[in-house]
>>> print(open('coords12.cif').read())   # mmCIF, N, CA and C atoms
data_my_file
#
loop_
_atom_site.label_atom_id
_atom_site.label_comp_id
_atom_site.auth_asym_id
_atom_site.auth_seq_id
_atom_site.Cartn_x
_atom_site.Cartn_y
_atom_site.Cartn_z
N MET E 12 43.74 3.96 45.73
CA MET E 12 42.82 2.86 45.49
C MET E 12 42.07 2.53 46.79
N VAL E 13 40.79 2.36 46.70
CA VAL E 13 39.97 2.05 47.86
C VAL E 13 40.07 0.56 48.15
N SER E 14 40.30 0.22 49.41
CA SER E 14 40.38 -1.21 49.75
C SER E 14 38.97 -1.79 49.86
N ARG E 15 38.88 -3.04 49.51
CA ARG E 15 37.60 -3.73 49.51
C ARG E 15 37.23 -4.11 50.93
N LYS E 16 35.97 -3.92 51.29
CA LYS E 16 35.50 -4.34 52.60
C LYS E 16 35.49 -5.85 52.66
N ARG E 17 36.00 -6.40 53.74
CA ARG E 17 36.04 -7.84 53.95
C ARG E 17 34.83 -8.25 54.80
N PHE E 18 34.32 -9.45 54.53
CA PHE E 18 33.19 -10.00 55.27
C PHE E 18 33.52 -11.36 55.89
N ASP E 19 34.81 -11.72 55.92
CA ASP E 19 35.18 -13.06 56.38
C ASP E 19 34.92 -13.29 57.86
N ASP E 20 34.61 -12.22 58.61
CA ASP E 20 34.26 -12.41 60.02
C ASP E 20 32.79 -12.09 60.30
N SER E 21 32.00 -11.92 59.25
CA SER E 21 30.58 -11.61 59.40
C SER E 21 29.83 -12.82 59.96
N ASP E 22 28.74 -12.55 60.66
CA ASP E 22 27.89 -13.65 61.15
C ASP E 22 26.86 -14.07 60.10
N CYS E 23 26.94 -13.49 58.90
CA CYS E 23 26.01 -13.82 57.82
C CYS E 23 26.68 -14.76 56.82
N PRO E 24 26.12 -15.96 56.58
CA PRO E 24 26.72 -16.88 55.61
C PRO E 24 26.76 -16.34 54.19
N VAL E 25 25.79 -15.51 53.80
CA VAL E 25 25.80 -14.93 52.46
C VAL E 25 26.98 -13.98 52.32
N ALA E 26 27.21 -13.14 53.33
CA ALA E 26 28.33 -12.20 53.29
C ALA E 26 29.66 -12.94 53.23
N ARG E 27 29.83 -13.98 54.01
CA ARG E 27 31.08 -14.74 53.98
C ARG E 27 31.27 -15.42 52.63
N SER E 28 30.20 -15.92 52.04
CA SER E 28 30.29 -16.55 50.72
C SER E 28 30.68 -15.54 49.65
N VAL E 29 30.06 -14.38 49.69
CA VAL E 29 30.39 -13.33 48.74
C VAL E 29 31.85 -12.90 48.93
N ASP E 30 32.32 -12.88 50.15
CA ASP E 30 33.70 -12.54 50.41
C ASP E 30 34.64 -13.53 49.73
N ALA E 31 34.26 -14.79 49.70
CA ALA E 31 35.12 -15.84 49.14
C ALA E 31 35.04 -15.93 47.63
N ILE E 32 33.87 -15.79 47.03
CA ILE E 32 33.71 -16.02 45.59
C ILE E 32 32.81 -14.99 44.93
N GLY E 33 32.63 -13.83 45.52
CA GLY E 33 31.63 -12.89 45.05
C GLY E 33 31.99 -12.00 43.89
N ASP E 34 33.28 -11.92 43.50
CA ASP E 34 33.57 -11.08 42.35
C ASP E 34 33.31 -11.87 41.07
N TRP E 35 33.04 -11.17 39.98
CA TRP E 35 32.61 -11.87 38.77
C TRP E 35 33.69 -12.77 38.21
N TRP E 36 34.97 -12.39 38.30
CA TRP E 36 36.01 -13.26 37.76
C TRP E 36 36.05 -14.59 38.47
N SER E 37 35.93 -14.57 39.79
CA SER E 37 35.99 -15.82 40.55
C SER E 37 34.83 -16.74 40.18
N LEU E 38 33.64 -16.21 40.08
CA LEU E 38 32.50 -17.03 39.70
C LEU E 38 32.64 -17.58 38.29
N LEU E 39 33.19 -16.79 37.38
CA LEU E 39 33.38 -17.27 36.01
C LEU E 39 34.49 -18.31 35.93
N ILE E 40 35.51 -18.18 36.76
CA ILE E 40 36.55 -19.21 36.84
C ILE E 40 35.94 -20.51 37.32
N VAL E 41 35.12 -20.44 38.36
CA VAL E 41 34.46 -21.65 38.89
C VAL E 41 33.55 -22.24 37.81
N ARG E 42 32.81 -21.40 37.12
CA ARG E 42 31.96 -21.89 36.01
C ARG E 42 32.80 -22.64 34.98
N ASP E 43 33.92 -22.04 34.59
CA ASP E 43 34.78 -22.68 33.59
C ASP E 43 35.38 -23.98 34.11
N ALA E 44 35.68 -24.03 35.40
CA ALA E 44 36.20 -25.28 35.98
C ALA E 44 35.14 -26.38 35.89
N PHE E 45 33.88 -26.04 36.13
CA PHE E 45 32.81 -27.02 35.95
C PHE E 45 32.69 -27.44 34.48
N ASP E 46 33.02 -26.54 33.58
CA ASP E 46 32.94 -26.85 32.15
C ASP E 46 34.18 -27.57 31.63
N GLY E 47 35.15 -27.83 32.52
CA GLY E 47 36.31 -28.63 32.14
C GLY E 47 37.62 -27.90 32.00
N SER E 48 37.64 -26.59 32.17
CA SER E 48 38.92 -25.87 32.12
C SER E 48 39.77 -26.26 33.31
N ARG E 49 41.08 -26.42 33.06
CA ARG E 49 41.99 -26.83 34.12
C ARG E 49 43.28 -26.01 34.14
N ARG E 50 43.68 -25.52 33.00
CA ARG E 50 44.96 -24.82 32.89
C ARG E 50 44.78 -23.31 32.80
N PHE E 51 45.79 -22.61 33.27
CA PHE E 51 45.78 -21.16 33.26
C PHE E 51 45.39 -20.63 31.89
N GLY E 52 46.04 -21.14 30.85
CA GLY E 52 45.76 -20.67 29.49
C GLY E 52 44.33 -20.90 29.05
N GLU E 53 43.73 -22.00 29.50
CA GLU E 53 42.33 -22.28 29.15
C GLU E 53 41.41 -21.24 29.79
N PHE E 54 41.66 -20.94 31.08
CA PHE E 54 40.86 -19.91 31.75
C PHE E 54 41.06 -18.56 31.07
N GLN E 55 42.30 -18.25 30.75
CA GLN E 55 42.62 -16.95 30.16
C GLN E 55 41.96 -16.79 28.80
N ARG E 56 42.02 -17.82 27.96
CA ARG E 56 41.37 -17.75 26.63
C ARG E 56 39.86 -17.63 26.75
N SER E 57 39.27 -18.39 27.65
CA SER E 57 37.82 -18.37 27.80
C SER E 57 37.32 -17.03 28.32
N LEU E 58 38.03 -16.49 29.29
CA LEU E 58 37.55 -15.28 29.97
C LEU E 58 38.06 -13.99 29.37
N GLY E 59 39.23 -14.03 28.72
CA GLY E 59 39.82 -12.81 28.19
C GLY E 59 40.26 -11.86 29.28
N VAL E 60 40.54 -12.37 30.45
CA VAL E 60 40.93 -11.57 31.60
C VAL E 60 42.44 -11.35 31.57
N ALA E 61 42.89 -10.24 32.11
CA ALA E 61 44.33 -9.96 32.20
C ALA E 61 45.00 -11.03 33.06
N LYS E 62 46.23 -11.37 32.68
CA LYS E 62 46.95 -12.44 33.38
C LYS E 62 47.14 -12.14 34.86
N ASN E 63 47.42 -10.88 35.21
CA ASN E 63 47.63 -10.55 36.63
C ASN E 63 46.35 -10.72 37.43
N ILE E 64 45.22 -10.40 36.85
CA ILE E 64 43.94 -10.57 37.55
C ILE E 64 43.62 -12.05 37.68
N LEU E 65 43.81 -12.81 36.62
CA LEU E 65 43.56 -14.25 36.68
C LEU E 65 44.47 -14.91 37.71
N THR E 66 45.73 -14.54 37.73
CA THR E 66 46.67 -15.10 38.71
C THR E 66 46.19 -14.82 40.12
N ALA E 67 45.77 -13.59 40.38
CA ALA E 67 45.30 -13.23 41.72
C ALA E 67 44.04 -14.00 42.10
N ARG E 68 43.08 -14.12 41.17
CA ARG E 68 41.84 -14.84 41.48
C ARG E 68 42.10 -16.32 41.70
N LEU E 69 42.96 -16.93 40.87
CA LEU E 69 43.28 -18.35 41.06
C LEU E 69 43.94 -18.57 42.41
N ARG E 70 44.87 -17.69 42.79
CA ARG E 70 45.52 -17.81 44.10
C ARG E 70 44.50 -17.73 45.23
N THR E 71 43.57 -16.79 45.11
CA THR E 71 42.55 -16.63 46.14
C THR E 71 41.66 -17.86 46.23
N LEU E 72 41.26 -18.40 45.08
CA LEU E 72 40.41 -19.59 45.07
C LEU E 72 41.15 -20.81 45.63
N VAL E 73 42.44 -20.92 45.35
CA VAL E 73 43.24 -22.01 45.91
C VAL E 73 43.39 -21.80 47.43
N ALA E 74 43.73 -20.58 47.84
CA ALA E 74 43.89 -20.30 49.28
C ALA E 74 42.59 -20.53 50.04
N GLY E 75 41.46 -20.28 49.39
CA GLY E 75 40.16 -20.47 50.03
C GLY E 75 39.65 -21.90 49.96
N GLY E 76 40.41 -22.78 49.33
CA GLY E 76 40.00 -24.18 49.28
C GLY E 76 38.94 -24.50 48.25
N VAL E 77 38.68 -23.59 47.31
CA VAL E 77 37.69 -23.82 46.26
C VAL E 77 38.32 -24.60 45.10
N LEU E 78 39.56 -24.26 44.78
CA LEU E 78 40.34 -24.96 43.76
C LEU E 78 41.60 -25.50 44.40
N ALA E 79 42.16 -26.52 43.80
CA ALA E 79 43.48 -27.03 44.19
C ALA E 79 44.38 -26.94 42.97
N SER E 80 45.63 -26.59 43.20
CA SER E 80 46.63 -26.58 42.15
C SER E 80 47.35 -27.92 42.20
N VAL E 81 47.29 -28.66 41.10
CA VAL E 81 47.84 -30.02 41.06
C VAL E 81 48.77 -30.15 39.86
N PRO E 82 49.68 -31.14 39.88
CA PRO E 82 50.52 -31.37 38.71
C PRO E 82 49.64 -31.68 37.50
N ALA E 83 50.12 -31.26 36.33
CA ALA E 83 49.36 -31.49 35.09
C ALA E 83 49.12 -32.97 34.86
N SER E 84 47.94 -33.27 34.38
CA SER E 84 47.55 -34.67 34.18
C SER E 84 48.34 -35.35 33.06
N ASP E 85 48.98 -34.56 32.19
CA ASP E 85 49.76 -35.15 31.09
C ASP E 85 51.23 -35.33 31.45
N GLY E 86 51.59 -35.06 32.70
CA GLY E 86 52.97 -35.24 33.14
C GLY E 86 53.89 -34.09 32.81
N SER E 87 53.39 -33.05 32.16
CA SER E 87 54.23 -31.90 31.82
C SER E 87 54.53 -31.08 33.08
N ALA E 88 55.32 -30.05 32.92
CA ALA E 88 55.71 -29.20 34.06
C ALA E 88 54.61 -28.22 34.46
N TYR E 89 53.54 -28.18 33.72
CA TYR E 89 52.46 -27.25 34.03
C TYR E 89 51.71 -27.67 35.28
N ARG E 90 50.94 -26.71 35.81
CA ARG E 90 50.04 -26.97 36.93
C ARG E 90 48.61 -26.88 36.38
N GLU E 91 47.72 -27.58 37.01
CA GLU E 91 46.31 -27.50 36.65
C GLU E 91 45.51 -27.13 37.89
N TYR E 92 44.34 -26.59 37.67
CA TYR E 92 43.44 -26.19 38.74
C TYR E 92 42.21 -27.08 38.69
N VAL E 93 41.93 -27.74 39.79
CA VAL E 93 40.77 -28.62 39.86
C VAL E 93 39.88 -28.19 41.03
N LEU E 94 38.60 -28.41 40.86
CA LEU E 94 37.66 -28.11 41.93
C LEU E 94 37.88 -29.07 43.09
N THR E 95 37.87 -28.54 44.29
CA THR E 95 37.90 -29.35 45.50
C THR E 95 36.46 -29.72 45.85
N PRO E 96 36.24 -30.56 46.84
CA PRO E 96 34.85 -30.79 47.28
C PRO E 96 34.13 -29.49 47.65
N LYS E 97 34.86 -28.56 48.27
CA LYS E 97 34.26 -27.25 48.59
C LYS E 97 33.86 -26.53 47.32
N GLY E 98 34.70 -26.60 46.29
CA GLY E 98 34.38 -25.98 45.01
C GLY E 98 33.23 -26.67 44.31
N GLU E 99 33.23 -28.01 44.33
CA GLU E 99 32.13 -28.76 43.70
C GLU E 99 30.80 -28.45 44.37
N ALA E 100 30.83 -28.09 45.66
CA ALA E 100 29.59 -27.74 46.37
C ALA E 100 28.98 -26.45 45.84
N LEU E 101 29.72 -25.70 45.02
CA LEU E 101 29.18 -24.49 44.40
C LEU E 101 28.31 -24.80 43.17
N PHE E 102 28.23 -26.05 42.77
CA PHE E 102 27.45 -26.40 41.58
C PHE E 102 26.02 -25.86 41.62
N PRO E 103 25.28 -26.04 42.72
CA PRO E 103 23.90 -25.49 42.72
C PRO E 103 23.88 -23.96 42.60
N VAL E 104 24.91 -23.29 43.10
CA VAL E 104 24.99 -21.82 42.99
C VAL E 104 25.16 -21.43 41.52
N ILE E 105 26.06 -22.11 40.83
CA ILE E 105 26.30 -21.82 39.41
C ILE E 105 25.05 -22.15 38.59
N VAL E 106 24.41 -23.27 38.90
CA VAL E 106 23.17 -23.64 38.18
C VAL E 106 22.10 -22.59 38.44
N ALA E 107 21.96 -22.14 39.69
CA ALA E 107 20.94 -21.14 40.01
C ALA E 107 21.22 -19.83 39.26
N LEU E 108 22.47 -19.40 39.21
CA LEU E 108 22.80 -18.18 38.47
C LEU E 108 22.53 -18.35 36.99
N ARG E 109 22.88 -19.50 36.45
CA ARG E 109 22.63 -19.78 35.04
C ARG E 109 21.14 -19.74 34.75
N GLN E 110 20.33 -20.41 35.54
CA GLN E 110 18.89 -20.45 35.30
C GLN E 110 18.26 -19.07 35.46
N TRP E 111 18.72 -18.32 36.45
CA TRP E 111 18.23 -16.96 36.66
C TRP E 111 18.56 -16.11 35.45
N GLY E 112 19.80 -16.23 34.96
CA GLY E 112 20.22 -15.48 33.78
C GLY E 112 19.43 -15.84 32.54
N GLU E 113 19.18 -17.16 32.34
CA GLU E 113 18.39 -17.59 31.19
C GLU E 113 16.99 -17.00 31.23
N GLN E 114 16.43 -16.93 32.43
CA GLN E 114 15.05 -16.46 32.58
C GLN E 114 14.94 -14.94 32.43
N HIS E 115 15.95 -14.20 32.89
CA HIS E 115 15.79 -12.75 32.99
C HIS E 115 16.64 -11.91 32.04
N PHE E 116 17.58 -12.50 31.32
CA PHE E 116 18.49 -11.68 30.54
C PHE E 116 18.57 -12.02 29.06
N PHE E 117 17.65 -12.83 28.59
CA PHE E 117 17.61 -13.18 27.17
C PHE E 117 16.21 -12.94 26.64
N ALA E 118 16.15 -12.34 25.47
CA ALA E 118 14.86 -12.14 24.81
C ALA E 118 14.39 -13.49 24.27
N PRO E 119 13.08 -13.66 24.12
CA PRO E 119 12.58 -14.91 23.54
C PRO E 119 13.24 -15.19 22.20
N GLY E 120 13.74 -16.40 22.02
CA GLY E 120 14.39 -16.80 20.79
C GLY E 120 15.85 -16.38 20.67
N GLU E 121 16.32 -15.56 21.60
CA GLU E 121 17.73 -15.14 21.53
C GLU E 121 18.64 -16.33 21.87
N PRO E 122 19.66 -16.57 21.06
CA PRO E 122 20.53 -17.71 21.33
C PRO E 122 21.32 -17.54 22.62
N HIS E 123 21.48 -18.63 23.32
CA HIS E 123 22.31 -18.65 24.53
C HIS E 123 22.68 -20.10 24.84
N SER E 124 23.54 -20.28 25.80
CA SER E 124 23.91 -21.64 26.18
C SER E 124 22.87 -22.21 27.13
N ARG E 125 22.85 -23.53 27.23
CA ARG E 125 21.91 -24.20 28.12
C ARG E 125 22.63 -25.39 28.74
N LEU E 126 22.46 -25.57 30.02
CA LEU E 126 23.03 -26.71 30.73
C LEU E 126 22.07 -27.88 30.59
N VAL E 127 22.60 -29.03 30.15
CA VAL E 127 21.75 -30.19 29.95
C VAL E 127 22.29 -31.39 30.72
N ASP E 128 21.42 -32.31 30.99
CA ASP E 128 21.75 -33.60 31.59
C ASP E 128 22.49 -34.42 30.53
N ARG E 129 23.74 -34.82 30.81
CA ARG E 129 24.53 -35.57 29.81
C ARG E 129 23.83 -36.86 29.39
N ARG E 130 23.22 -37.56 30.33
CA ARG E 130 22.60 -38.85 30.03
C ARG E 130 21.39 -38.70 29.13
N ARG E 131 20.55 -37.72 29.40
CA ARG E 131 19.30 -37.57 28.65
C ARG E 131 19.36 -36.49 27.56
N GLY E 132 20.34 -35.58 27.68
CA GLY E 132 20.45 -34.50 26.71
C GLY E 132 19.37 -33.45 26.84
N ARG E 133 18.70 -33.43 27.99
CA ARG E 133 17.60 -32.49 28.21
C ARG E 133 17.99 -31.43 29.22
N PRO E 134 17.40 -30.22 29.11
CA PRO E 134 17.70 -29.17 30.09
C PRO E 134 17.31 -29.61 31.50
N LEU E 135 17.97 -29.02 32.47
CA LEU E 135 17.66 -29.32 33.86
C LEU E 135 16.34 -28.68 34.26
N ARG E 136 15.68 -29.31 35.22
CA ARG E 136 14.48 -28.71 35.81
C ARG E 136 14.92 -27.49 36.61
N ALA E 137 14.08 -26.50 36.70
CA ALA E 137 14.40 -25.29 37.48
C ALA E 137 14.63 -25.67 38.94
N LEU E 138 15.68 -25.06 39.51
CA LEU E 138 15.95 -25.30 40.93
C LEU E 138 14.83 -24.71 41.76
N GLU E 139 14.54 -25.38 42.85
CA GLU E 139 13.53 -24.90 43.79
C GLU E 139 14.11 -24.94 45.20
N VAL E 140 13.63 -24.07 46.04
CA VAL E 140 13.95 -24.12 47.46
C VAL E 140 12.82 -24.89 48.12
N LEU E 141 13.19 -25.98 48.80
CA LEU E 141 12.19 -26.85 49.41
C LEU E 141 12.36 -26.90 50.92
N SER E 142 11.25 -27.06 51.62
CA SER E 142 11.30 -27.28 53.06
C SER E 142 11.83 -28.68 53.34
N ALA E 143 12.10 -28.97 54.58
CA ALA E 143 12.59 -30.30 54.96
C ALA E 143 11.59 -31.39 54.57
N ASP E 144 10.30 -31.05 54.52
CA ASP E 144 9.31 -32.05 54.14
C ASP E 144 8.94 -32.00 52.65
N GLY E 145 9.69 -31.21 51.86
CA GLY E 145 9.52 -31.21 50.41
C GLY E 145 8.61 -30.15 49.84
N ARG E 146 8.06 -29.28 50.67
CA ARG E 146 7.18 -28.21 50.16
C ARG E 146 8.01 -27.11 49.49
N PRO E 147 7.59 -26.61 48.32
CA PRO E 147 8.28 -25.46 47.72
C PRO E 147 8.10 -24.24 48.63
N LEU E 148 9.17 -23.48 48.80
CA LEU E 148 9.13 -22.30 49.65
C LEU E 148 9.40 -21.04 48.86
N LYS E 149 8.74 -19.97 49.22
CA LYS E 149 8.96 -18.64 48.68
C LYS E 149 9.65 -17.81 49.78
N PRO E 150 10.17 -16.63 49.43
CA PRO E 150 10.86 -15.82 50.45
C PRO E 150 10.04 -15.56 51.70
N ASP E 151 8.74 -15.28 51.54
CA ASP E 151 7.90 -15.00 52.71
C ASP E 151 7.68 -16.22 53.60
N ASP E 152 8.03 -17.41 53.11
CA ASP E 152 7.87 -18.64 53.89
C ASP E 152 9.08 -18.93 54.77
N THR E 153 10.11 -18.07 54.71
CA THR E 153 11.34 -18.32 55.46
C THR E 153 11.65 -17.18 56.42
N ALA E 154 12.49 -17.48 57.40
CA ALA E 154 12.97 -16.48 58.35
C ALA E 154 14.40 -16.85 58.72
N VAL E 155 15.22 -15.84 58.98
CA VAL E 155 16.60 -16.07 59.40
C VAL E 155 16.64 -16.10 60.91
N HIS E 156 17.21 -17.17 61.44
CA HIS E 156 17.41 -17.31 62.88
C HIS E 156 18.89 -17.42 63.15
N LYS E 157 19.38 -16.68 64.12
CA LYS E 157 20.79 -16.76 64.49
C LYS E 157 21.03 -18.09 65.20
N VAL E 158 22.19 -18.69 64.92
CA VAL E 158 22.57 -19.95 65.54
C VAL E 158 23.43 -19.61 66.76
N ALA E 159 23.06 -20.17 67.90
CA ALA E 159 23.81 -19.93 69.13
C ALA E 159 25.12 -20.67 69.07
N ASP E 160 26.10 -20.20 69.83
CA ASP E 160 27.40 -20.89 69.91
C ASP E 160 27.20 -22.31 70.37
N ALA E 161 27.95 -23.22 69.75
CA ALA E 161 27.82 -24.65 70.09
C ALA E 161 28.50 -24.93 71.40
#
>>> encode(input="coords12.cif", output="structure tokens")
Amino acid sequence: MVSRKRFDDSDCPVARSVDAIGDWWSLLIVRDAFDGSRRFGEFQRSLGVAKNILTARLRTLVAGGVLASVPASDGSAYREYVLTPKGEALFPVIVALRQWGEQHFFAPGEPHSRLVDRRRGRPLRALEVLSADGRPLKPDDTAVHKVADA
């Protein structure tokens, strides 16, 4: 078996992020956590993933501080997985992937899920990348600059 290349010491924030949550199971677990899944069985039923793979991904997400394993809210002996503040900060990433998928992977009229504002019941506005002064930015409007040691 070929070992996976690690990026946890890369100077690129995208590479480090992909190292932490870049496989599809981890992102789908995080998606399900945003949708209210908390227990191992809920994740397993939703995803249809093998138990050993789910166990490994949950451990990695807990070790990485994305999820926390907490006592079950009903007082039973079970454990539940909840998003930490670090995990909740992935919300715009999940929304961006969802909106990208809606735009590029469904034929017109094809049924799919849609994320809506609970208060208004309306779909979210498309995410935009904005400058500090509020201007919409395109890829050509940006440049990567290395940050010097503090």
>>> select_by_dssp(input="coords12.cif", residues="range 13-155 of chain E", states="helix (DSSP H, G or I)", output="PyMOL selection string")
chain E and resi 24-32+35-45+51-58+62-74+96-99+102-115+150-152
>>> closest_residue(input="coords12.cif", among="E:Phe102, E:Tyr89, E:Trp36, E:Trp111", to="Leu65 in chain E", atoms="all atoms listed in the file")
E:Trp36
>>> select_by_dssp(input="coords12.cif", residues="chain E", states="strand (DSSP E or B)", output="PyMOL selection string")
chain E and resi 78-82+90-94+127+134+141+147
>>> atom_distance(input="coords12.cif", atom1="atom N of Leu101 in chain E", atom2="atom C of Gly76 in chain E")
9.8 Å
>>> residues_around(input="coords12.cif", residues="Asp85 in chain E", least_positions_apart="5", cutoff="12 Å", atoms="only C-alpha atoms", output="ChimeraX atom specification")
/E:49-50,90-91
>>> atom_distance(input="coords12.cif", atom1="atom C of Ser21 in chain E", atom2="atom C of Leu138 in chain E")
26.4 Å
>>> atom_distance(input="coords12.cif", atom1="CA of Arg42 in chain E", atom2="CA of Ile105 in chain E")
6.6 Å
>>> resolve_selection(input="coords12.cif", expression="the PyMOL selection byres (((chain E and resi 81 and name CA) around 7) and name CA)", output="number ranges by chain")
E: 79-80, 82-83, 90-92
>>> axis_aligned_box(input="coords12.cif", around="range 62-75 of chain E", padding_each_side="5 Å", output="lines of an AutoDock Vina configuration file")
center_x = 43.6
center_y = -16.2
center_z = 41.4
size_x = 18.0
size_y = 21.6
size_z = 27.4
>>> closest_residue(input="coords12.cif", among="E:Lys16, E:Ser48, E:Ser57, E:Asp151", to="Val93 in chain E", atoms="only N, CA and C atoms")
E:Ser48
>>> build_atoms(input="coords12.cif", residues="range 33-51 of chain E", atoms="N, CA, C and O atoms", output="CSV table (one decimal), in the coordinates of the input")
chain,number,residue,atom,x,y,z
E,33,GLY,N,32.6,-13.8,45.5
E,33,GLY,CA,31.6,-12.9,45.0
E,33,GLY,C,32.0,-12.0,43.9
E,33,GLY,O,31.1,-11.4,43.3
E,34,ASP,N,33.3,-11.9,43.5
E,34,ASP,CA,33.6,-11.1,42.4
E,34,ASP,C,33.3,-11.9,41.1
E,34,ASP,O,33.3,-13.1,41.1
E,35,TRP,N,33.0,-11.2,40.0
E,35,TRP,CA,32.6,-11.9,38.8
E,35,TRP,C,33.7,-12.8,38.2
E,35,TRP,O,33.4,-13.8,37.7
E,36,TRP,N,35.0,-12.4,38.3
E,36,TRP,CA,36.0,-13.3,37.8
E,36,TRP,C,36.0,-14.6,38.5
E,36,TRP,O,36.2,-15.6,37.9
E,37,SER,N,35.9,-14.6,39.8
E,37,SER,CA,36.0,-15.8,40.6
E,37,SER,C,34.8,-16.7,40.2
E,37,SER,O,35.0,-17.9,40.0
E,38,LEU,N,33.6,-16.2,40.1
E,38,LEU,CA,32.5,-17.0,39.7
E,38,LEU,C,32.6,-17.6,38.3
E,38,LEU,O,32.3,-18.7,38.0
E,39,LEU,N,33.2,-16.8,37.4
E,39,LEU,CA,33.4,-17.3,36.0
E,39,LEU,C,34.5,-18.3,35.9
E,39,LEU,O,34.4,-19.2,35.1
E,40,ILE,N,35.5,-18.2,36.8
E,40,ILE,CA,36.6,-19.2,36.8
E,40,ILE,C,35.9,-20.5,37.3
E,40,ILE,O,36.2,-21.6,36.8
E,41,VAL,N,35.1,-20.4,38.4
E,41,VAL,CA,34.5,-21.6,38.9
E,41,VAL,C,33.6,-22.2,37.8
E,41,VAL,O,33.5,-23.4,37.6
E,42,ARG,N,32.8,-21.4,37.1
E,42,ARG,CA,32.0,-21.9,36.0
E,42,ARG,C,32.8,-22.6,35.0
E,42,ARG,O,32.5,-23.7,34.6
E,43,ASP,N,33.9,-22.0,34.6
E,43,ASP,CA,34.8,-22.7,33.6
E,43,ASP,C,35.4,-24.0,34.1
E,43,ASP,O,35.6,-24.9,33.3
E,44,ALA,N,35.7,-24.0,35.4
E,44,ALA,CA,36.2,-25.3,36.0
E,44,ALA,C,35.1,-26.4,35.9
E,44,ALA,O,35.5,-27.5,35.6
E,45,PHE,N,33.9,-26.0,36.1
E,45,PHE,CA,32.8,-27.0,36.0
E,45,PHE,C,32.7,-27.4,34.5
E,45,PHE,O,32.3,-28.6,34.2
E,46,ASP,N,33.0,-26.5,33.6
E,46,ASP,CA,32.9,-26.8,32.2
E,46,ASP,C,34.2,-27.6,31.6
E,46,ASP,O,34.3,-27.8,30.4
E,47,GLY,N,35.2,-27.8,32.5
E,47,GLY,CA,36.3,-28.6,32.1
E,47,GLY,C,37.6,-27.9,32.0
E,47,GLY,O,38.6,-28.5,31.7
E,48,SER,N,37.6,-26.6,32.2
E,48,SER,CA,38.9,-25.9,32.1
E,48,SER,C,39.8,-26.3,33.3
E,48,SER,O,39.3,-26.4,34.4
E,49,ARG,N,41.1,-26.4,33.1
E,49,ARG,CA,42.0,-26.8,34.1
E,49,ARG,C,43.3,-26.0,34.1
E,49,ARG,O,43.9,-25.9,35.2
E,50,ARG,N,43.7,-25.5,33.0
E,50,ARG,CA,45.0,-24.8,32.9
E,50,ARG,C,44.8,-23.3,32.8
E,50,ARG,O,43.8,-22.8,32.3
E,51,PHE,N,45.8,-22.6,33.3
E,51,PHE,CA,45.8,-21.2,33.3
E,51,PHE,C,45.4,-20.6,31.9
E,51,PHE,O,44.5,-19.8,31.8
